[in-house]
Amino acid sequence: MEFVKSVPNDKEQILAAIKSQINTHREVDLKKMLEELHPADIAEIIESLAEKQRVSVFGLLSSEKAAAVLYELNSEIVAPLMESLDKSIAAEIMDEMSTDDAADIIGDLKDEDKAKLLNLMEYADAEDVQELMDYPEDTAGGIMTTEYVAIREDITVERAIQVVREFAQEAETVYYVYVINERNQLVGVISLRELILAKSSATIADVMRRKVVSVNVQTDQEEVANMVAKYDFLAVPVVDNNNQLLGIVTVDDVIDVIREEATEDMYLLVGTTEIDDEEDLYHRIRKSVRYRLPWLLITLMSGVISGQIIKSFSGALNAMVALAFFIPLLTGMGGNLGTQSSTIIVRGIATGQIDSRKILHNIIREGLVGLSIGLICGFIVAIFAVLWQGKPILGLIVGLAMWGNMVTAATIGTLVPLLLKKLNVDPAVASAPFISTTLDNTGLIIYGSLTMLFFKFLI
């Protein structure tokens, strides 16, 4: 579907104009305005309207545009909107949708709403959508589409072009034409450009590329996204364990996956998860508490441990209060560097830029970064301590503690996500609360140990 991209200068002004046209029943003007807007903008406007106004606006859209808007809407709005339409119109809209988009929309609905929308679709399309929904949503099967062009390897180029013309209208993309044998197994691929330029009398087996990069239907969606990004594909074929072609994953679905995975990792890095899809306030609160509380309890227990560590060298702190002034600086810097290191490692693993199997190599690399940063920061804070208190030994203690804390922070921030990956656990769970609180305690231990070691020289 191709639509003109609209970039309104003032969305509030457009929203006000639409409401005015609804209230004054100027449907012709409203329909004209909607035709000029992009589906994503229309979806945003519809979500800002009251329920009756939503129905009025959505009902004026063509079936093709309504299908595109439907994909952009929040799942809570979809079912009521479709129920408000005449069944024949609703059926037309569902038929305009690609199977993977329909599966994404219907999969987010309640069971009774799923059945209603599936019943609006043609039997074959409904079967395809149901099949897609049966796959786990975070796998290649869950994000693939079954609308693609496939040709037999034993036909001529001339016949293949006829097949492409016949099925191109229904396909998600025709940039790649996939080649199968009599058992529906993927045996090759040919680009549309290569097909058009090939000699018409040649067979497809003679002109196709036999080395096809494909993914298994159970492959994790993040791995699929990394593959598409690595090879700059516009689509990648999806096969089963017998190499039978089941569907394709297109680049627009990969973009959604990248956004979804990035959002998930960001939530996990701070010890929580996304809860926006819950429509009930009670469930939102309960889910927020359930996901956030464990990490905050870890922080709480870490604070108790930190208090005990500080208590163990309280005599030194009482003797020289200036020692306490540097505790927030040391723990804060360690937590920041540790979080930076873990974020770099988690992102590197997710994008494939870092080999999680080379644990020692990655630790040495980040450790050297921590060593360098520690030397610089340690020297700066040591000079500051000497100038402030006039005690070189205080500068030595604080400088060494800063240096040691930076090296430890970089090491722990690197080691934790790598170990989790090795244990087949999502490395994003190596969240900031866990790493920062761990480093608070290691930083205090380093600082306390150095203080007790050089304490006699401070007095």
# chains A, B, ... in the order shown; residues from 1 in each chain; ligands from 1
>>> closest_atom_pairs(of="stretch 64-114 of chain A", to="stretch 126-133 of chain A", cutoff="7 Å", atoms="only C-alpha atoms", output="tab-separated table")
residue	atom	partner	partner_atom	distance
A:Thr99	CA	A:Val129	CA	5.5
A:Asp100	CA	A:Val129	CA	6.9
A:Ala102	CA	A:Val129	CA	6.7
A:Ala103	CA	A:Val129	CA	5.2
A:Gly107	CA	A:Met133	CA	6.3
>>> write_last_selection(atoms="C-alpha atoms", output="mmCIF file, in the first residue's frame")
data_model
loop_
_atom_site.group_PDB
_atom_site.id
_atom_site.type_symbol
_atom_site.label_atom_id
_atom_site.label_comp_id
_atom_site.auth_asym_id
_atom_site.auth_seq_id
_atom_site.Cartn_x
_atom_site.Cartn_y
_atom_site.Cartn_z
ATOM 1 C CA THR A 99 -1.716 -12.079 6.672
ATOM 2 C CA ASP A 100 1.157 -11.125 8.983
ATOM 3 C CA ALA A 102 -3.756 -9.343 10.396
ATOM 4 C CA ALA A 103 -2.114 -11.916 12.661
ATOM 5 C CA GLY A 107 -3.243 -11.862 18.126
#
>>> atom_distance(atom1="atom CA of A:Asp41", atom2="atom CA of A:Leu73")
10.2 Å
>>> residues_around(residues="stretch 363-368 of chain A", least_positions_apart="6", cutoff="7 Å", atoms="only C-alpha atoms", output="PyMOL selection string")
chain A and resi 407+410-411+414-415
>>> write_last_selection(atoms="N, CA and C atoms", output="compact mmCIF listing (two decimals), in the first residue's frame")
# COMPACT_ATOMS: atom_id res chain seq x y z
N VAL A 407 38.38 -0.01 37.57
CA VAL A 407 38.75 -1.30 36.97
C VAL A 407 37.72 -2.36 37.33
N ALA A 410 34.35 -1.73 35.38
CA ALA A 410 34.40 -2.14 33.97
C ALA A 410 34.38 -3.67 33.86
N THR A 411 35.06 -4.34 34.77
CA THR A 411 35.13 -5.81 34.74
C THR A 411 33.77 -6.43 35.04
N THR A 414 31.12 -5.87 32.41
CA THR A 414 31.35 -6.70 31.22
C THR A 414 31.06 -8.16 31.49
N LEU A 415 31.51 -8.63 32.65
CA LEU A 415 31.43 -10.06 32.97
C LEU A 415 29.99 -10.55 33.14
>>> closest_residue(among="A:Glu83, A:Asp29, A:Glu92, A:Asp111", to="A:Ala67", atoms="only C-alpha atoms")
A:Glu92
>>> closest_residue(among="A:Met121, A:Leu371, A:Leu394, A:Ile151", to="A:Thr203", atoms="only C-alpha atoms")
A:Ile151
>>> residues_around(residues="A:Val254", least_positions_apart="5", cutoff="12 Å", atoms="only C-alpha atoms", output="number ranges by chain")
A: 138-140, 142-144, 220-229, 232-236, 248-249, 259-261
>>> write_last_selection(atoms="N, CA and C atoms", output="CSV table (one decimal), in the first residue's frame")
chain,number,residue,atom,x,y,z
A,138,ASP,N,7.6,-14.2,19.2
A,138,ASP,CA,8.9,-13.7,19.1
A,138,ASP,C,9.8,-14.6,18.2
A,139,THR,N,9.2,-15.4,17.3
A,139,THR,CA,10.0,-16.2,16.4
A,139,THR,C,9.8,-15.8,15.0
A,140,ALA,N,10.6,-16.4,14.1
A,140,ALA,CA,10.5,-16.1,12.7
A,140,ALA,C,9.1,-16.4,12.2
A,142,GLY,N,6.4,-16.2,13.9
A,142,GLY,CA,5.4,-15.3,14.4
A,142,GLY,C,5.4,-14.0,13.7
A,143,ILE,N,6.5,-13.6,13.0
A,143,ILE,CA,6.5,-12.3,12.3
A,143,ILE,C,6.6,-12.5,10.7
A,144,MET,N,6.5,-13.7,10.2
A,144,MET,CA,6.6,-13.9,8.8
A,144,MET,C,5.2,-13.7,8.1
A,220,ASP,N,14.7,-17.1,16.8
A,220,ASP,CA,14.3,-16.0,17.5
A,220,ASP,C,14.3,-14.7,16.6
A,221,GLN,N,13.3,-13.9,16.8
A,221,GLN,CA,13.1,-12.7,15.9
A,221,GLN,C,14.3,-11.8,16.0
A,222,GLU,N,15.0,-11.7,17.1
A,222,GLU,CA,16.1,-10.8,17.2
A,222,GLU,C,17.3,-11.3,16.3
A,223,GLU,N,17.4,-12.6,16.2
A,223,GLU,CA,18.4,-13.2,15.3
A,223,GLU,C,18.1,-13.0,13.9
A,224,VAL,N,16.8,-13.1,13.6
A,224,VAL,CA,16.3,-12.8,12.2
A,224,VAL,C,16.7,-11.3,11.8
A,225,ALA,N,16.4,-10.4,12.8
A,225,ALA,CA,16.6,-9.0,12.5
A,225,ALA,C,18.1,-8.7,12.3
A,226,ASN,N,19.0,-9.4,13.1
A,226,ASN,CA,20.4,-9.3,12.9
A,226,ASN,C,20.9,-9.8,11.5
A,227,MET,N,20.3,-10.9,11.1
A,227,MET,CA,20.6,-11.4,9.8
A,227,MET,C,20.3,-10.5,8.6
A,228,VAL,N,19.1,-9.9,8.7
A,228,VAL,CA,18.6,-9.0,7.7
A,228,VAL,C,19.5,-7.8,7.6
A,229,ALA,N,19.9,-7.3,8.8
A,229,ALA,CA,20.7,-6.1,8.9
A,229,ALA,C,22.1,-6.4,8.4
A,232,ASP,N,21.8,-6.9,4.5
A,232,ASP,CA,21.1,-5.9,3.8
A,232,ASP,C,20.0,-6.4,3.0
A,233,PHE,N,19.3,-7.5,3.5
A,233,PHE,CA,18.2,-8.1,2.8
A,233,PHE,C,16.9,-7.2,2.8
A,234,LEU,N,16.1,-7.3,1.8
A,234,LEU,CA,14.7,-6.7,1.9
A,234,LEU,C,13.7,-7.7,2.4
A,235,ALA,N,14.1,-9.0,2.3
A,235,ALA,CA,13.3,-10.1,2.9
A,235,ALA,C,14.2,-11.3,3.0
A,236,VAL,N,13.8,-12.2,4.0
A,236,VAL,CA,14.5,-13.4,4.2
A,236,VAL,C,13.5,-14.5,4.2
A,248,ILE,N,8.0,-15.6,4.4
A,248,ILE,CA,9.2,-14.6,4.3
A,248,ILE,C,9.0,-13.6,5.4
A,249,VAL,N,10.1,-13.1,5.9
A,249,VAL,CA,10.1,-11.9,6.8
A,249,VAL,C,10.6,-10.7,6.1
A,259,ARG,N,12.8,-2.2,17.0
A,259,ARG,CA,12.2,-1.2,17.9
A,259,ARG,C,11.7,-2.0,19.2
A,260,GLU,N,11.0,-3.1,19.0
A,260,GLU,CA,10.5,-3.8,20.1
A,260,GLU,C,11.6,-4.4,21.0
A,261,GLU,N,12.6,-5.0,20.4
A,261,GLU,CA,13.7,-5.5,21.2
A,261,GLU,C,14.5,-4.4,21.9
>>> residues_around(residues="A:Ile77", least_positions_apart="3", cutoff="10 Å", atoms="only C-alpha atoms", output="PDB file with N, CA and C atoms, in the first residue's frame")
ATOM      1  N   ILE A  46      -7.429   9.325  15.515  1.00  0.00           N
ATOM      2  CA  ILE A  46      -8.547   8.493  15.969  1.00  0.00           C
ATOM      3  C   ILE A  46      -8.420   8.167  17.460  1.00  0.00           C
ATOM      4  N   GLU A  47      -7.208   7.885  17.909  1.00  0.00           N
ATOM      5  CA  GLU A  47      -6.992   7.557  19.317  1.00  0.00           C
ATOM      6  C   GLU A  47      -7.262   8.752  20.230  1.00  0.00           C
ATOM      7  N   GLU A  51     -15.343   7.832  21.402  1.00  0.00           N
ATOM      8  CA  GLU A  51     -15.693   6.593  20.702  1.00  0.00           C
ATOM      9  C   GLU A  51     -16.592   6.833  19.492  1.00  0.00           C
ATOM     10  N   ARG A  54     -14.643   8.392  16.690  1.00  0.00           N
ATOM     11  CA  ARG A  54     -13.750   7.416  16.062  1.00  0.00           C
ATOM     12  C   ARG A  54     -14.478   6.650  14.973  1.00  0.00           C
ATOM     13  N   LEU A  70      -5.761   0.529  10.678  1.00  0.00           N
ATOM     14  CA  LEU A  70      -6.041  -0.492  11.689  1.00  0.00           C
ATOM     15  C   LEU A  70      -4.753  -1.047  12.280  1.00  0.00           C
ATOM     16  N   LEU A  73      -3.275   1.248  14.987  1.00  0.00           N
ATOM     17  CA  LEU A  73      -4.066   1.566  16.167  1.00  0.00           C
ATOM     18  C   LEU A  73      -3.707   0.706  17.364  1.00  0.00           C
ATOM     19  N   ASN A  74      -3.964   1.232  18.560  1.00  0.00           N
ATOM     20  CA  ASN A  74      -3.844   0.473  19.793  1.00  0.00           C
ATOM     21  C   ASN A  74      -4.851  -0.673  19.758  1.00  0.00           C
ATOM     22  N   PRO A  80     -13.730  -2.672  18.997  1.00  0.00           N
ATOM     23  CA  PRO A  80     -14.930  -1.824  18.962  1.00  0.00           C
ATOM     24  C   PRO A  80     -15.152  -1.139  17.614  1.00  0.00           C
ATOM     25  N   LEU A  81     -14.065  -0.705  16.976  1.00  0.00           N
ATOM     26  CA  LEU A  81     -14.190  -0.057  15.671  1.00  0.00           C
ATOM     27  C   LEU A  81     -14.743  -1.017  14.628  1.00  0.00           C
ATOM     28  N   MET A  82     -14.194  -2.219  14.587  1.00  0.00           N
ATOM     29  CA  MET A  82     -14.626  -3.189  13.581  1.00  0.00           C
ATOM     30  C   MET A  82     -16.067  -3.640  13.829  1.00  0.00           C
ATOM     31  N   LEU A 109      -5.820  -9.354  20.520  1.00  0.00           N
ATOM     32  CA  LEU A 109      -7.188  -9.187  20.995  1.00  0.00           C
ATOM     33  C   LEU A 109      -7.602 -10.303  21.951  1.00  0.00           C
TER      34      LEU A 109
END
>>> residues_around(residues="stretch 302-312 of chain A", least_positions_apart="6", cutoff="8 Å", atoms="only C-alpha atoms", output="list in words")
Thr437, Thr438, Asp440, Asn441, Leu444, Ile445 and Gly448 of chain A
>>> closest_residue(among="A:Ala324, A:Val416, A:Leu337, A:Leu192", to="A:Gly374", atoms="only C-alpha atoms")
A:Leu337
>>> closest_atom_pairs(of="stretch 60-120 of chain A", to="stretch 159-179 of chain A", cutoff="12 Å", atoms="only C-alpha atoms", output="JSON lines")
{"residue": "A:Asp95", "atom": "CA", "partner": "A:Glu170", "partner_atom": "CA", "distance": 10.6}
{"residue": "A:Glu96", "atom": "CA", "partner": "A:Glu170", "partner_atom": "CA", "distance": 9.5}
{"residue": "A:Met97", "atom": "CA", "partner": "A:Glu170", "partner_atom": "CA", "distance": 10.1}
{"residue": "A:Ser98", "atom": "CA", "partner": "A:Glu172", "partner_atom": "CA", "distance": 7.1}
{"residue": "A:Thr99", "atom": "CA", "partner": "A:Glu172", "partner_atom": "CA", "distance": 9.3}
{"residue": "A:Asp100", "atom": "CA", "partner": "A:Glu172", "partner_atom": "CA", "distance": 9.5}
{"residue": "A:Asp101", "atom": "CA", "partner": "A:Glu172", "partner_atom": "CA", "distance": 10.5}
>>> select_by_dssp(residues="stretch 7-165 of chain A", states="strand (DSSP E or B)", output="mmCIF file with N, CA and C atoms, in the first residue's frame")
data_model
loop_
_atom_site.group_PDB
_atom_site.id
_atom_site.type_symbol
_atom_site.label_atom_id
_atom_site.label_comp_id
_atom_site.auth_asym_id
_atom_site.auth_seq_id
_atom_site.Cartn_x
_atom_site.Cartn_y
_atom_site.Cartn_z
ATOM 1 N N THR A 139 9.250 -15.365 17.332
ATOM 2 C CA THR A 139 10.038 -16.210 16.433
ATOM 3 C C THR A 139 9.825 -15.780 14.989
ATOM 4 N N THR A 145 5.254 -13.515 6.827
ATOM 5 C CA THR A 145 4.032 -13.447 6.032
ATOM 6 C C THR A 145 4.027 -14.607 5.061
ATOM 7 N N ALA A 150 6.620 -17.673 -5.200
ATOM 8 C CA ALA A 150 7.530 -18.811 -5.342
ATOM 9 C C ALA A 150 7.289 -19.466 -6.691
ATOM 10 N N ILE A 151 8.364 -19.928 -7.318
ATOM 11 C CA ILE A 151 8.254 -20.572 -8.632
ATOM 12 C C ILE A 151 8.997 -21.899 -8.614
ATOM 13 N N ARG A 152 8.646 -22.779 -9.525
ATOM 14 C CA ARG A 152 9.316 -24.072 -9.630
ATOM 15 C C ARG A 152 10.628 -23.916 -10.388
ATOM 16 N N THR A 156 10.475 -22.274 -17.345
ATOM 17 C CA THR A 156 11.304 -21.314 -18.081
ATOM 18 C C THR A 156 11.178 -19.920 -17.472
#
>>> residues_around(residues="A:Ser342", least_positions_apart="4", cutoff="8 Å", atoms="only C-alpha atoms", output="CSV table (one decimal) with C-alpha atoms, in the first residue's frame")
chain,number,residue,atom,x,y,z
A,338,GLY,CA,29.7,-0.3,35.2
A,346,VAL,CA,24.4,-5.9,25.9
A,413,GLY,CA,29.8,-4.5,34.0
A,414,THR,CA,31.3,-6.7,31.2
A,416,VAL,CA,27.8,-10.2,34.2
A,417,PRO,CA,26.0,-9.9,30.8
A,430,ALA,CA,22.1,-7.6,33.9
>>> atom_distance(atom1="atom CA of A:Gly348", atom2="atom CA of A:Asp256")
19.2 Å
>>> select_by_dssp(residues="stretch 199-410 of chain A", states="helix (DSSP H, G or I)", output="ChimeraX atom specification")
/A:204-207,221-231,251-269,281-312,314-319,322-325,327-351,359-389,392-410
>>> atom_distance(atom1="atom CA of A:Ile155", atom2="atom CA of A:Arg193")
17.6 Å
>>> closest_residue(among="A:Ala382, A:Glu153, A:Ala322, A:Gly141", to="A:Val238", atoms="only C-alpha atoms")
A:Gly141
